[in-house]
Structures are given as C-alpha cells and as structure tokens.
$ cat data13.cif   # mmCIF, C-alpha atoms
data_upload
#
loop_
_atom_site.label_atom_id
_atom_site.label_comp_id
_atom_site.auth_asym_id
_atom_site.auth_seq_id
_atom_site.Cartn_x
_atom_site.Cartn_y
_atom_site.Cartn_z
CA MET D 1 87.02 122.49 120.81
CA ALA D 2 86.77 118.86 119.61
CA GLU D 3 90.13 117.10 119.36
CA VAL D 4 91.60 116.86 115.88
CA LEU D 5 90.43 113.86 113.89
CA ARG D 6 93.08 112.82 111.36
CA VAL D 7 91.53 111.03 108.39
CA ALA D 8 93.63 109.44 105.63
CA LEU D 9 91.92 108.81 102.29
CA VAL D 10 93.14 107.37 98.99
CA ALA D 11 91.18 107.65 95.72
CA GLY D 12 92.54 106.30 92.44
CA GLU D 13 90.38 107.93 89.76
CA ALA D 14 87.86 110.70 89.04
CA SER D 15 84.80 108.78 90.32
CA GLY D 16 86.62 108.15 93.62
CA ASP D 17 87.58 111.83 93.83
CA ILE D 18 83.87 112.75 93.60
CA LEU D 19 82.91 110.23 96.32
CA GLY D 20 85.84 111.30 98.49
CA SER D 21 85.02 115.00 98.32
CA GLY D 22 81.38 114.32 99.29
CA LEU D 23 82.52 112.20 102.24
CA MET D 24 85.01 114.87 103.34
CA GLN D 25 82.30 117.56 103.26
CA ALA D 26 80.03 115.35 105.39
CA LEU D 27 82.82 114.53 107.87
CA LYS D 28 83.54 118.26 108.31
CA ALA D 29 79.83 118.90 108.92
CA GLN D 30 79.60 116.13 111.53
CA HIS D 31 83.00 116.62 113.23
CA PRO D 32 84.16 120.25 113.26
CA ASN D 33 87.89 119.60 113.75
CA VAL D 34 89.19 117.23 111.10
CA GLU D 35 92.33 117.09 108.94
CA PHE D 36 92.82 115.07 105.77
CA ILE D 37 95.91 113.35 104.40
CA GLY D 38 96.48 110.77 101.64
CA VAL D 39 95.96 110.83 97.89
CA GLY D 40 93.12 112.45 95.94
CA GLY D 41 92.23 114.58 92.95
CA PRO D 42 91.20 118.23 92.55
CA ARG D 43 87.81 117.86 94.29
CA MET D 44 89.29 116.24 97.39
CA GLN D 45 92.11 118.79 97.43
CA ALA D 46 89.49 121.57 97.29
CA GLU D 47 88.00 120.09 100.50
CA GLY D 48 91.37 120.33 102.26
CA LEU D 49 93.31 117.16 101.39
CA VAL D 50 97.04 117.60 100.94
CA SER D 51 97.78 114.88 98.37
CA ASP D 52 101.03 112.93 98.79
CA PHE D 53 101.31 112.57 94.99
CA PRO D 54 99.07 113.21 91.94
CA MET D 55 96.04 110.87 91.90
CA GLU D 56 96.58 110.31 88.14
CA ARG D 57 99.59 108.10 88.98
CA LEU D 58 97.10 105.48 90.27
CA ALA D 59 94.60 105.69 87.39
CA VAL D 60 95.64 102.76 85.21
CA MET D 61 93.24 100.68 83.12
CA GLY D 62 93.87 97.29 81.55
CA LEU D 63 96.16 94.37 82.33
CA VAL D 64 99.01 95.27 79.98
CA GLU D 65 99.09 98.92 81.11
CA VAL D 66 99.15 97.85 84.77
CA LEU D 67 102.11 95.52 84.14
CA GLY D 68 104.07 98.37 82.58
CA ARG D 69 103.44 100.59 85.61
CA LEU D 70 103.70 97.89 88.31
CA PRO D 71 107.15 98.82 89.71
CA GLU D 72 106.05 102.45 90.18
CA LEU D 73 102.69 101.46 91.73
CA LEU D 74 104.30 99.02 94.19
CA SER D 75 106.96 101.54 95.15
CA ARG D 76 104.34 104.29 95.72
CA ARG D 77 102.24 101.92 97.83
CA ARG D 78 105.23 100.93 100.00
CA ARG D 79 106.17 104.56 100.62
CA LEU D 80 102.55 105.55 101.31
CA ILE D 81 102.10 102.74 103.87
CA ALA D 82 105.32 103.70 105.68
CA SER D 83 104.35 107.37 105.71
CA LEU D 84 100.82 106.69 107.02
CA ILE D 85 102.05 104.34 109.78
CA GLU D 86 104.40 107.14 110.85
CA ARG D 87 101.63 109.80 110.78
CA LYS D 88 99.11 107.53 112.62
CA PRO D 89 95.73 108.70 111.24
CA ASP D 90 92.65 107.82 113.32
CA VAL D 91 91.20 106.05 110.29
CA PHE D 92 92.18 105.16 106.74
CA ILE D 93 89.50 105.16 104.01
CA GLY D 94 90.31 103.44 100.72
CA ILE D 95 87.93 104.67 98.03
CA ASP D 96 87.37 102.09 95.29
CA ALA D 97 90.67 101.17 93.44
CA PRO D 98 90.75 97.85 95.38
CA ASP D 99 93.92 96.49 93.76
CA PHE D 100 95.82 99.40 95.31
CA THR D 101 93.85 100.33 98.43
CA LEU D 102 93.10 96.89 99.93
CA GLY D 103 96.85 96.21 100.19
CA VAL D 104 97.28 99.53 102.02
CA GLU D 105 94.34 98.72 104.32
CA LEU D 106 95.76 95.32 105.26
CA LYS D 107 99.16 96.73 106.29
CA LEU D 108 97.64 99.67 108.21
CA ARG D 109 95.16 97.46 110.04
CA GLN D 110 98.02 95.16 111.06
CA ALA D 111 99.73 98.31 112.43
CA GLY D 112 96.68 99.09 114.58
CA ILE D 113 95.03 101.76 112.37
CA ARG D 114 91.26 101.51 111.75
CA THR D 115 90.41 100.93 108.09
CA VAL D 116 87.31 101.51 105.95
CA HIS D 117 86.74 100.56 102.32
CA TYR D 118 84.24 102.71 100.38
CA VAL D 119 82.71 101.07 97.23
CA SER D 120 82.72 97.31 97.09
CA PRO D 121 84.72 95.49 94.43
CA SER D 122 82.57 93.06 92.39
CA VAL D 123 83.33 90.13 94.70
CA TRP D 124 79.74 88.89 94.50
CA ALA D 125 80.18 88.43 90.72
CA TRP D 126 83.62 86.86 90.41
CA ARG D 127 86.73 85.88 92.43
CA GLN D 128 84.51 85.54 95.51
CA LYS D 129 87.47 84.35 97.63
CA ARG D 130 88.63 87.99 97.68
CA VAL D 131 86.07 88.49 100.44
CA LEU D 132 88.53 86.74 102.81
CA LYS D 133 91.21 89.34 102.02
CA ILE D 134 88.64 92.11 102.50
CA ARG D 135 87.65 90.65 105.88
CA ASP D 136 91.32 90.76 106.94
CA ALA D 137 91.95 94.22 105.48
CA CYS D 138 89.05 96.38 106.64
CA ASP D 139 87.13 97.13 109.81
CA LEU D 140 84.14 98.37 107.81
CA MET D 141 82.91 98.09 104.23
CA LEU D 142 80.67 100.89 102.90
CA THR D 143 78.54 99.72 99.96
CA LEU D 144 76.56 101.71 97.40
CA PHE D 145 74.05 98.90 96.71
CA PRO D 146 71.91 96.76 99.03
CA PHE D 147 72.72 93.43 97.32
CA GLU D 148 76.41 94.02 98.10
CA ALA D 149 75.68 94.52 101.81
CA GLN D 150 73.76 91.21 101.86
CA PHE D 151 76.81 89.45 100.41
CA TYR D 152 79.14 90.86 103.09
CA GLU D 153 76.73 90.09 105.91
CA ALA D 154 76.67 86.47 104.71
CA HIS D 155 80.50 86.43 104.92
CA GLN D 156 80.71 88.10 108.36
CA VAL D 157 82.31 91.32 107.10
CA PRO D 158 81.13 94.45 109.03
CA VAL D 159 79.19 96.44 106.43
CA CYS D 160 77.00 99.52 106.03
CA PHE D 161 74.84 100.16 102.95
CA VAL D 162 75.01 103.95 102.49
CA GLY D 163 73.16 104.39 99.17
CA HIS D 164 74.48 105.96 95.98
CA PRO D 165 75.43 109.66 95.67
CA LEU D 166 74.06 109.69 92.09
CA ALA D 167 70.62 108.77 93.44
CA ASP D 168 70.86 111.80 95.75
CA ALA D 169 72.02 114.12 92.96
CA ILE D 170 69.60 113.10 90.17
CA PRO D 171 66.00 114.33 90.67
CA LEU D 172 63.22 111.75 91.02
CA GLN D 173 61.62 113.30 87.93
CA ALA D 174 63.80 114.76 85.19
CA ASP D 175 62.51 117.62 83.02
CA ARG D 176 62.72 116.30 79.46
CA ALA D 177 61.42 119.49 77.84
CA ALA D 178 63.99 121.70 79.63
CA ALA D 179 66.83 119.33 78.70
CA ARG D 180 65.78 119.37 75.04
CA GLU D 181 65.64 123.14 75.04
CA GLN D 182 69.20 123.29 76.45
CA LEU D 183 70.44 120.91 73.74
CA GLY D 184 68.49 122.62 70.94
CA LEU D 185 66.38 119.51 70.23
CA PRO D 186 62.73 119.73 69.13
CA LEU D 187 60.07 118.35 71.50
CA ASP D 188 58.10 116.48 68.86
CA VAL D 189 60.70 114.00 67.56
CA PRO D 190 61.95 110.73 69.07
CA VAL D 191 65.48 111.07 70.50
CA ILE D 192 67.81 108.18 71.27
CA ALA D 193 70.94 108.66 73.40
CA LEU D 194 73.99 106.60 72.43
CA LEU D 195 76.47 105.96 75.25
CA PRO D 196 79.26 103.67 74.02
CA GLY D 197 81.44 104.16 77.12
CA SER D 198 84.00 106.65 78.36
CA ARG D 199 87.28 104.79 77.77
CA GLY D 200 89.19 104.57 74.50
CA GLY D 201 89.01 100.77 74.36
CA GLU D 202 85.25 100.73 74.95
CA VAL D 203 84.61 103.30 72.24
CA ALA D 204 86.90 101.37 69.85
CA ARG D 205 84.81 98.21 70.38
CA LEU D 206 81.34 99.78 70.66
CA GLY D 207 81.42 103.15 68.82
CA SER D 208 81.02 101.89 65.24
CA LEU D 209 78.62 99.17 66.42
CA PHE D 210 76.34 101.79 68.02
CA LEU D 211 76.53 104.02 64.92
CA ASP D 212 75.67 101.04 62.67
CA ALA D 213 72.69 100.34 64.94
CA ALA D 214 71.70 104.03 64.71
CA GLU D 215 71.64 103.81 60.89
CA ARG D 216 69.30 100.82 61.11
CA LEU D 217 67.13 102.60 63.69
CA ARG D 218 66.79 105.52 61.33
CA ALA D 219 65.41 103.15 58.68
CA LEU D 220 62.97 101.69 61.24
CA ARG D 221 61.98 105.07 62.73
CA PRO D 222 62.26 107.89 60.17
CA GLY D 223 62.55 111.25 61.95
CA VAL D 224 64.54 109.88 64.88
CA ARG D 225 67.41 112.00 66.25
CA PHE D 226 70.49 110.88 68.20
CA VAL D 227 72.62 112.45 70.93
CA LEU D 228 76.04 111.10 71.87
CA PRO D 229 77.89 112.58 74.85
CA CYS D 230 81.72 112.39 74.53
CA ALA D 231 83.57 111.80 77.80
CA SER D 232 86.64 113.77 76.66
CA ALA D 233 88.21 115.59 73.71
CA GLU D 234 90.01 112.33 72.80
CA ARG D 235 86.73 110.38 72.71
CA ARG D 236 85.15 113.11 70.58
CA GLN D 237 88.00 112.85 68.07
CA GLN D 238 87.69 109.06 68.03
CA LEU D 239 83.93 109.27 67.33
CA GLU D 240 84.30 112.00 64.70
CA GLN D 241 86.54 109.59 62.77
CA MET D 242 83.86 106.89 63.01
CA LEU D 243 81.21 109.32 61.69
CA ILE D 244 83.09 110.05 58.44
CA GLY D 245 80.97 108.88 55.49
CA ARG D 246 77.82 108.45 57.59
CA ASP D 247 74.73 110.61 57.24
CA LEU D 248 73.18 110.54 60.71
CA PRO D 249 71.05 113.21 62.46
CA LEU D 250 73.39 113.07 65.45
CA HIS D 251 74.50 115.67 68.03
CA LEU D 252 77.96 115.02 69.53
CA LEU D 253 78.07 116.60 72.99
CA ASP D 254 81.12 117.50 75.09
CA GLY D 255 80.35 115.73 78.36
CA ARG D 256 76.71 116.52 79.30
CA SER D 257 75.71 112.86 79.58
CA HIS D 258 73.07 113.81 82.17
CA ASP D 259 71.52 116.33 79.75
CA ALA D 260 71.47 113.63 77.06
CA LEU D 261 69.74 111.16 79.40
CA ALA D 262 67.21 113.77 80.56
CA ALA D 263 66.41 114.74 76.95
CA CYS D 264 66.09 111.33 75.30
CA ASP D 265 63.25 108.80 74.92
CA ALA D 266 65.46 105.68 74.97
CA VAL D 267 69.13 104.76 75.42
CA LEU D 268 71.57 102.39 73.76
CA ILE D 269 74.27 102.05 76.38
CA ALA D 270 77.50 100.27 77.33
CA SER D 271 77.41 98.29 80.56
CA GLY D 272 78.82 100.32 83.46
CA THR D 273 77.84 103.10 85.89
CA ALA D 274 76.05 104.94 83.06
CA THR D 275 73.33 102.24 83.13
CA LEU D 276 72.58 103.31 86.71
CA GLU D 277 72.35 106.94 85.55
CA ALA D 278 69.91 105.94 82.78
CA LEU D 279 67.81 104.09 85.36
CA LEU D 280 67.80 107.12 87.69
CA TYR D 281 66.60 109.26 84.77
CA LYS D 282 63.84 106.63 84.22
CA ARG D 283 64.85 106.09 80.58
CA PRO D 284 64.28 102.69 78.91
CA MET D 285 67.53 101.17 77.71
CA VAL D 286 69.27 98.37 75.88
CA VAL D 287 72.63 97.40 77.38
CA ALA D 288 75.41 96.16 75.10
CA TYR D 289 78.98 95.11 75.72
CA ARG D 290 81.91 93.59 73.90
CA VAL D 291 85.37 92.69 75.16
CA ALA D 292 88.34 90.97 73.50
CA PRO D 293 87.35 87.35 72.62
CA MET D 294 89.92 85.79 74.99
CA THR D 295 88.81 88.07 77.86
CA PHE D 296 85.20 87.05 77.20
CA ARG D 297 86.05 83.34 77.36
CA ILE D 298 87.88 83.81 80.67
CA LEU D 299 85.14 85.99 82.20
CA LYS D 300 82.42 83.55 81.11
CA ARG D 301 84.07 80.89 83.24
CA LEU D 302 84.73 83.18 86.22
CA VAL D 303 81.59 85.33 86.52
CA LYS D 304 78.98 83.90 88.88
CA SER D 305 76.22 86.48 88.28
CA PRO D 306 73.56 85.87 85.59
CA TYR D 307 73.52 89.63 84.79
CA ILE D 308 76.15 92.26 84.02
CA SER D 309 74.17 95.54 84.14
CA LEU D 310 73.39 97.41 87.35
CA PRO D 311 69.61 97.73 86.70
CA ASN D 312 69.31 93.92 86.50
CA LEU D 313 71.62 93.35 89.47
CA LEU D 314 69.58 95.82 91.54
CA ALA D 315 66.24 94.32 90.47
CA GLN D 316 67.64 90.77 90.81
CA ARG D 317 65.80 89.95 87.58
CA LEU D 318 66.04 90.71 83.85
CA LEU D 319 64.68 94.25 83.84
CA VAL D 320 66.59 95.58 80.81
CA PRO D 321 67.86 93.64 77.76
CA GLU D 322 71.57 92.76 77.76
CA LEU D 323 73.19 92.01 74.39
CA ILE D 324 76.69 90.77 75.04
CA GLN D 325 79.60 89.91 72.71
CA ASP D 326 78.37 88.12 69.53
CA ALA D 327 74.72 88.84 70.38
CA ALA D 328 75.47 92.58 70.07
CA THR D 329 74.93 93.02 66.31
CA PRO D 330 73.68 96.27 64.74
CA GLU D 331 70.43 94.51 63.65
CA ALA D 332 69.74 93.03 67.09
CA LEU D 333 70.45 96.35 68.86
CA ALA D 334 68.18 98.30 66.49
CA GLN D 335 65.36 95.76 66.73
CA THR D 336 65.56 95.79 70.56
CA VAL D 337 65.78 99.59 70.94
CA SER D 338 63.05 100.47 68.41
CA PRO D 339 59.99 99.26 70.44
CA LEU D 340 61.18 101.23 73.48
CA LEU D 341 60.24 104.46 71.66
CA VAL D 342 56.60 103.35 71.84
CA ASP D 343 56.23 101.29 75.02
CA GLY D 344 59.35 102.08 77.06
CA GLU D 345 57.33 102.72 80.24
CA VAL D 346 56.72 98.97 80.54
CA GLN D 347 60.45 98.59 81.21
CA THR D 348 60.83 101.65 83.45
CA GLU D 349 57.97 100.78 85.83
CA GLY D 350 60.33 99.52 88.55
CA PHE D 351 62.96 102.25 88.15
CA ASP D 352 61.43 104.71 90.63
CA ALA D 353 61.38 102.18 93.50
CA ILE D 354 65.09 101.41 92.90
CA HIS D 355 65.89 105.15 92.83
CA ARG D 356 64.18 105.64 96.22
CA THR D 357 66.02 102.63 97.71
CA LEU D 358 69.38 104.12 96.71
CA ARG D 359 68.50 107.69 97.76
CA ARG D 360 69.92 107.64 101.28
CA ASP D 361 72.04 110.80 101.54
CA ALA D 362 75.08 108.61 100.91
CA SER D 363 77.87 111.00 101.94
CA GLN D 364 76.24 111.83 105.29
CA ARG D 365 75.53 108.15 106.01
CA ALA D 366 79.09 107.19 105.08
CA ALA D 367 80.51 109.91 107.36
CA ALA D 368 78.24 108.82 110.24
CA ALA D 369 79.36 105.18 109.78
CA VAL D 370 83.06 106.19 109.85
CA LEU D 371 82.57 108.30 113.01
CA GLY D 372 80.52 105.47 114.54
CA LEU D 373 83.42 103.06 113.97
CA LEU D 374 85.68 105.51 115.85
CA GLY D 375 83.16 106.17 118.62
CA ARG D 376 83.11 109.85 117.62
CA ASN D 377 79.50 110.40 116.50
#

$ encode --input "data13.cif" --output "structure tokens"
Amino acid sequence: MAEVLRVALVAGEASGDILGSGLMQALKAQHPNVEFIGVGGPRMQAEGLVSDFPMERLAVMGLVEVLGRLPELLSRRRRLIASLIERKPDVFIGIDAPDFTLGVELKLRQAGIRTVHYVSPSVWAWRQKRVLKIRDACDLMLTLFPFEAQFYEAHQVPVCFVGHPLADAIPLQADRAAAREQLGLPLDVPVIALLPGSRGGEVARLGSLFLDAAERLRALRPGVRFVLPCASAERRQQLEQMLIGRDLPLHLLDGRSHDALAACDAVLIASGTATLEALLYKRPMVVAYRVAPMTFRILKRLVKSPYISLPNLLAQRLLVPELIQDAATPEALAQTVSPLLVDGEVQTEGFDAIHRTLRRDASQRAAAAVLGLLGRN
C-alpha cells in the first residue's frame, strides 16, 4: 500500500471550496492513500477534509469589513501555522484568498514544508511587486489562465497552467431550446440575461442601473424578455425592492445563472467570473462596472492592464465592450446591448477557441502537478 500522503489545504470562500473539492477528488484518484487537513467548506469536507474551523470565518469582503475582523483573522492564521508546522503535511495548498494563504505559505515554506498556490492573484494587473512575495512563499503556482502563467515565467516563479474547471464543466455547445423550456421561456422571443453581480455592494451599485437599461431596451426592442439570476435570498430581496414600480417582463431566478446564460440571446453583465461563464456559453455580452468614486480614482492609477473583463484579458484585445464607471449609463448600456440581439455572433466568433484553450481537465492537471512537485506521480 502506498505510504500516506498528508495534504493540507485552505480555501477562504465558496469558489475555493469548489476548486478544492475537485483537486481532492483528483488527488485521491492519482494517489490512493491520502489524508486531508486544513480549512474548507462543505464540498471539501465531503471529500474527507477535517476543517480546523468554519471556512466562513475567512470569507470577508471589503476594506472596512476586513479591518473589523483583522484581530480574529491574524489570530486564526497564527494558530493555523503553528498547528500545521506541528502536523508536518507533505504539501500545503493555498486556494485563492491570497491575503490569508500567502502568509501561511511563506511561514510553512520557511519551516521546510512544500507549498502550492492555486489561483493566481491579479498581480499582472496591479501591485506587480507582490510577485516577489509569491516567489518567496510558494514552490509552485497553479494558474487558471495562460496569460497568468506567462507573467510568472517572466518573473522566474515555478508555474503550471492547469486550465479552468468551468471550461471542463460547461459543454462546448449549450442547448438554448432546452434551457428555455426549463425556465418556461418561449423560443421565438429575444431574451436578455441581466447579471449585476453576486455581492450586496455590487447589486446596490449595478442593480437599478441594469433595470433602467432594461426599460430602455424594451423601448428599443418591443417583445424582449429578461432573466435575472439571484445569487442568494438576500440578493433576491434586494432586487425585488428595486423592481417596485417598474413594469418589466422579467423572470427573477433563484441561482440558476447557467440556465439563464444557456437560455438567453445576449447578456448585460458585471465584470467578474460570470463574464467567463458567459463566454463559455458563447453568449454576446456587454460588461459594466461601477465602484465607489474614490476607489475608482485609486484603481485607475494602480491598474496596469488596459482591460478589466476576462474575455478581453484572455483574447488580449477588446473582444467585448466594457462600460466602466461614468460611461455605464442606462442609455449607453441599452444602445450597446441592442445590436447584439441581431449580430451577436460577430462578437462570439473567438469564444470557442478560448473555451478549448481553457478545457484542460483542470483538477486532474492540478493534482498531477502537486504530485510531480513531491516526486509522487
């Protein structure tokens, strides 16, 4: 029987829990005797992780919220580092959450434990000097996108591009008719999906804007229907408030963002991972984003990349329109989305090639890279 491989993992939010559980499955398939310790959510626990504390304690968004929780986060990190050094795992894998996990990686690597970071922070876009800390903290970086791997290679950080699990999960061709049937939408009307983000702050800034744009789109395209997936019960409540007094042919969905993307003809979408999902569903899109004015002024000075949305970063050119901050008006959004209902395929021509580039069986490749680092494959 193969000797026990002890793998420590830490994920800080739901997306990391999904990635972590896929990686754990693949590690078990490739190395029959493996045990997992660290911090993770329900999916990782279902794969056999005994979590040191609830993952939710790490899921903090926003500067002010982080400051309020800083003493607890620092104390948890200190205790976790001490406990892992004592338990001596063969490898530590920090999954996203770089503000928490890179600090853990640095201390463990200094203690002689191999370290891997899964999901690159946006170092290529801003605060590029962080790459020096990453080089000190991890033996191997696993990236979801090829342009990230190029950046690390240029900075002499050992890296492996593994592809994106979403590209594995989403079919190369989505069945629009089946998705519409599931959502009770007719086949013969134009449908626009509205995705104003999954967090409360995003929906506060973009929800009414997207609904105002929808009203203008209805004037431009009579007969159009809208679907809006709500990330949670709280987001649904927030959006229901915004819909009071409006007369829109709109379906609010509980979750089901993939069904909405499969069913629609075009998407008005907040910048974020959802833009990648829209690309993988081959749906033409307009990307919009707004942040607090002061945050925007700071980011404008710091961000090195000419684009903010994943489709444009992946194509390394302006593939989809980005309307940011003051440019994101209801009129501009409606005028930019409307033509996509007629000639959207002009925009989506390059989407399939990107999908195939990212479709690499990410979890299996990530597991193979980790075992390769340990000389166990």

$ resolve_selection --input "data13.cif" --expression "the PyMOL selection byres ((chain D and resi 344-358) around 8)" --output "VMD selection string"
chain D and resid 144 to 145 163 to 164 167 to 168 172 266 279 to 280 282 to 284 314 to 315 319 to 320 339 to 343 359 to 360

$ resolve_selection --input "data13.cif" --expression "the PyMOL selection byres ((chain D and resi 326) around 10)" --output "ChimeraX atom specification"
/D:289-290,293,323-325,327-329

$ closest_residue --input "data13.cif" --among "D:Ser15, D:Gln128, D:Gln25, D:Ser198" --to "Arg235 of chain D" --atoms "all atoms listed in the file"
D:Ser198

$ resolve_selection --input "data13.cif" --expression "the PyMOL selection byres ((chain D and resi 205) around 9)" --output "short mmCIF file (atom, residue, chain, number, x, y, z; two decimals) with C-alpha atoms, in the frame of the given file"
data_model
loop_
_atom_site.label_atom_id
_atom_site.label_comp_id
_atom_site.auth_asym_id
_atom_site.auth_seq_id
_atom_site.Cartn_x
_atom_site.Cartn_y
_atom_site.Cartn_z
CA PRO D 196 79.26 103.67 74.02
CA GLY D 200 89.19 104.57 74.50
CA GLY D 201 89.01 100.77 74.36
CA GLU D 202 85.25 100.73 74.95
CA VAL D 203 84.61 103.30 72.24
CA ALA D 204 86.90 101.37 69.85
CA LEU D 206 81.34 99.78 70.66
CA GLY D 207 81.42 103.15 68.82
CA SER D 208 81.02 101.89 65.24
CA LEU D 209 78.62 99.17 66.42
CA TYR D 289 78.98 95.11 75.72
CA ARG D 290 81.91 93.59 73.90
CA VAL D 291 85.37 92.69 75.16
CA ALA D 292 88.34 90.97 73.50
#

$ closest_residue --input "data13.cif" --among "D:Ala11, D:Ser83, D:Leu102, D:Thr115" --to "Arg57 of chain D" --atoms "only C-alpha atoms"
D:Ala11

$ closest_residue --input "data13.cif" --among "D:Ile170, D:Ala82, D:Met55, D:Leu276" --to "Asn312 of chain D" --atoms "all atoms listed in the file"
D:Leu276

$ closest_residue --input "data13.cif" --among "D:Arg218, D:Lys107, D:Arg376, D:Arg365" --to "Leu23 of chain D" --atoms "only C-alpha atoms"
D:Arg365

$ atom_distance --input "data13.cif" --atom1 "atom CA of Leu268 of chain D" --atom2 "atom CA of Leu187 of chain D"
19.8 Å

$ atom_distance --input "data13.cif" --atom1 "atom CA of Ala213 of chain D" --atom2 "atom CA of Gln182 of chain D"
25.9 Å

$ atom_distance --input "data13.cif" --atom1 "atom CA of Ala260 of chain D" --atom2 "atom CA of Ala179 of chain D"
7.5 Å

$ closest_residue --input "data13.cif" --among "D:Ala97, D:Val157, D:Val116, D:Ala169" --to "Leu132 of chain D" --atoms "all atoms listed in the file"
D:Val157

$ axis_aligned_box --input "data13.cif" --around "segment 190-207 of chain D" --padding-each-side "8 Å" --output "JSON"
{"center_x": 75.6, "center_y": 104.6, "center_z": 73.6, "size_x": 43.2, "size_y": 28.9, "size_z": 25.5}

$ residues_around --input "data13.cif" --residues "segment 27-30 of chain D" --least-positions-apart "4" --cutoff "10 Å" --atoms "all atoms listed in the file" --output "number ranges by chain"
D: 5, 7, 21-23, 34-35, 47, 363-368, 370-371, 376-377

$ closest_residue --input "data13.cif" --among "D:Phe296, D:Phe100, D:Phe161, D:Phe36" --to "Leu140 of chain D" --atoms "only C-alpha atoms"
D:Phe161

$ residues_around --input "data13.cif" --residues "Gly223 of chain D" --least-positions-apart "6" --cutoff "10 Å" --atoms "all atoms listed in the file" --output "VMD selection string"
chain D and resid 188 to 191 217 249

$ write_last_selection --input "data13.cif" --atoms "C-alpha atoms" --output "PDB file, in the coordinates of the input"
ATOM      1  CA  ASP D 188      58.100 116.480  68.860  1.00  0.00           C
ATOM      2  CA  VAL D 189      60.700 114.000  67.560  1.00  0.00           C
ATOM      3  CA  PRO D 190      61.950 110.730  69.070  1.00  0.00           C
ATOM      4  CA  VAL D 191      65.480 111.070  70.500  1.00  0.00           C
ATOM      5  CA  LEU D 217      67.130 102.600  63.690  1.00  0.00           C
ATOM      6  CA  PRO D 249      71.050 113.210  62.460  1.00  0.00           C
TER       7      PRO D 249
END

$ decode --input "data13.cif" --residues "segment 227-243 of chain D" --atoms "N, CA, C and O atoms" --output "mmCIF file, in the first residue's frame"
data_model
loop_
_atom_site.group_PDB
_atom_site.id
_atom_site.type_symbol
_atom_site.label_atom_id
_atom_site.label_comp_id
_atom_site.auth_asym_id
_atom_site.auth_seq_id
_atom_site.Cartn_x
_atom_site.Cartn_y
_atom_site.Cartn_z
ATOM 1 N N VAL D 227 -34.140 37.757 -18.027
ATOM 2 C CA VAL D 227 -33.967 36.822 -16.905
ATOM 3 C C VAL D 227 -32.856 37.375 -16.018
ATOM 4 O O VAL D 227 -31.856 37.895 -16.512
ATOM 5 N N LEU D 228 -33.062 37.262 -14.712
ATOM 6 C CA LEU D 228 -32.071 37.783 -13.767
ATOM 7 C C LEU D 228 -31.873 36.756 -12.657
ATOM 8 O O LEU D 228 -32.734 36.594 -11.791
ATOM 9 N N PRO D 229 -30.744 36.024 -12.680
ATOM 10 C CA PRO D 229 -30.489 35.051 -11.618
ATOM 11 C C PRO D 229 -30.037 35.747 -10.338
ATOM 12 O O PRO D 229 -29.165 36.618 -10.386
ATOM 13 N N CYS D 230 -30.624 35.383 -9.189
ATOM 14 C CA CYS D 230 -30.251 35.978 -7.896
ATOM 15 C C CYS D 230 -29.318 35.004 -7.177
ATOM 16 O O CYS D 230 -29.646 33.834 -7.020
ATOM 17 N N ALA D 231 -28.178 35.521 -6.727
ATOM 18 C CA ALA D 231 -27.159 34.654 -6.114
ATOM 19 C C ALA D 231 -27.604 34.094 -4.762
ATOM 20 O O ALA D 231 -27.106 33.061 -4.331
ATOM 21 N N SER D 232 -28.536 34.774 -4.088
ATOM 22 C CA SER D 232 -28.975 34.319 -2.761
ATOM 23 C C SER D 232 -30.347 34.922 -2.463
ATOM 24 O O SER D 232 -30.817 35.802 -3.191
ATOM 25 N N ALA D 233 -30.937 34.473 -1.368
ATOM 26 C CA ALA D 233 -32.246 35.023 -0.952
ATOM 27 C C ALA D 233 -32.120 36.517 -0.658
ATOM 28 O O ALA D 233 -33.025 37.308 -0.969
ATOM 29 N N GLU D 234 -30.974 36.926 -0.097
ATOM 30 C CA GLU D 234 -30.753 38.354 0.214
ATOM 31 C C GLU D 234 -30.714 39.186 -1.065
ATOM 32 O O GLU D 234 -31.291 40.283 -1.131
ATOM 33 N N ARG D 235 -30.011 38.662 -2.083
ATOM 34 C CA ARG D 235 -29.936 39.406 -3.356
ATOM 35 C C ARG D 235 -31.324 39.489 -4.008
ATOM 36 O O ARG D 235 -31.683 40.508 -4.570
ATOM 37 N N ARG D 236 -32.086 38.414 -3.878
ATOM 38 C CA ARG D 236 -33.438 38.426 -4.464
ATOM 39 C C ARG D 236 -34.285 39.526 -3.814
ATOM 40 O O ARG D 236 -34.962 40.293 -4.498
ATOM 41 N N GLN D 237 -34.205 39.605 -2.498
ATOM 42 C CA GLN D 237 -34.954 40.620 -1.755
ATOM 43 C C GLN D 237 -34.540 42.030 -2.198
ATOM 44 O O GLN D 237 -35.385 42.907 -2.413
ATOM 45 N N GLN D 238 -33.237 42.212 -2.328
ATOM 46 C CA GLN D 238 -32.667 43.496 -2.737
ATOM 47 C C GLN D 238 -33.212 43.896 -4.124
ATOM 48 O O GLN D 238 -33.627 45.041 -4.345
ATOM 49 N N LEU D 239 -33.249 42.934 -5.037
ATOM 50 C CA LEU D 239 -33.697 43.214 -6.410
ATOM 51 C C LEU D 239 -35.213 43.405 -6.472
ATOM 52 O O LEU D 239 -35.710 44.217 -7.251
ATOM 53 N N GLU D 240 -35.938 42.658 -5.648
ATOM 54 C CA GLU D 240 -37.408 42.836 -5.615
ATOM 55 C C GLU D 240 -37.762 44.267 -5.212
ATOM 56 O O GLU D 240 -38.687 44.867 -5.751
ATOM 57 N N GLN D 241 -36.991 44.825 -4.273
ATOM 58 C CA GLN D 241 -37.199 46.225 -3.875
ATOM 59 C C GLN D 241 -36.977 47.163 -5.059
ATOM 60 O O GLN D 241 -37.721 48.121 -5.267
ATOM 61 N N MET D 242 -35.937 46.876 -5.838
ATOM 62 C CA MET D 242 -35.593 47.729 -6.989
ATOM 63 C C MET D 242 -36.628 47.621 -8.114
ATOM 64 O O MET D 242 -36.726 48.500 -8.962
ATOM 65 N N LEU D 243 -37.386 46.520 -8.115
ATOM 66 C CA LEU D 243 -38.381 46.307 -9.186
ATOM 67 C C LEU D 243 -39.727 46.977 -8.883
ATOM 68 O O LEU D 243 -40.577 47.074 -9.770
#
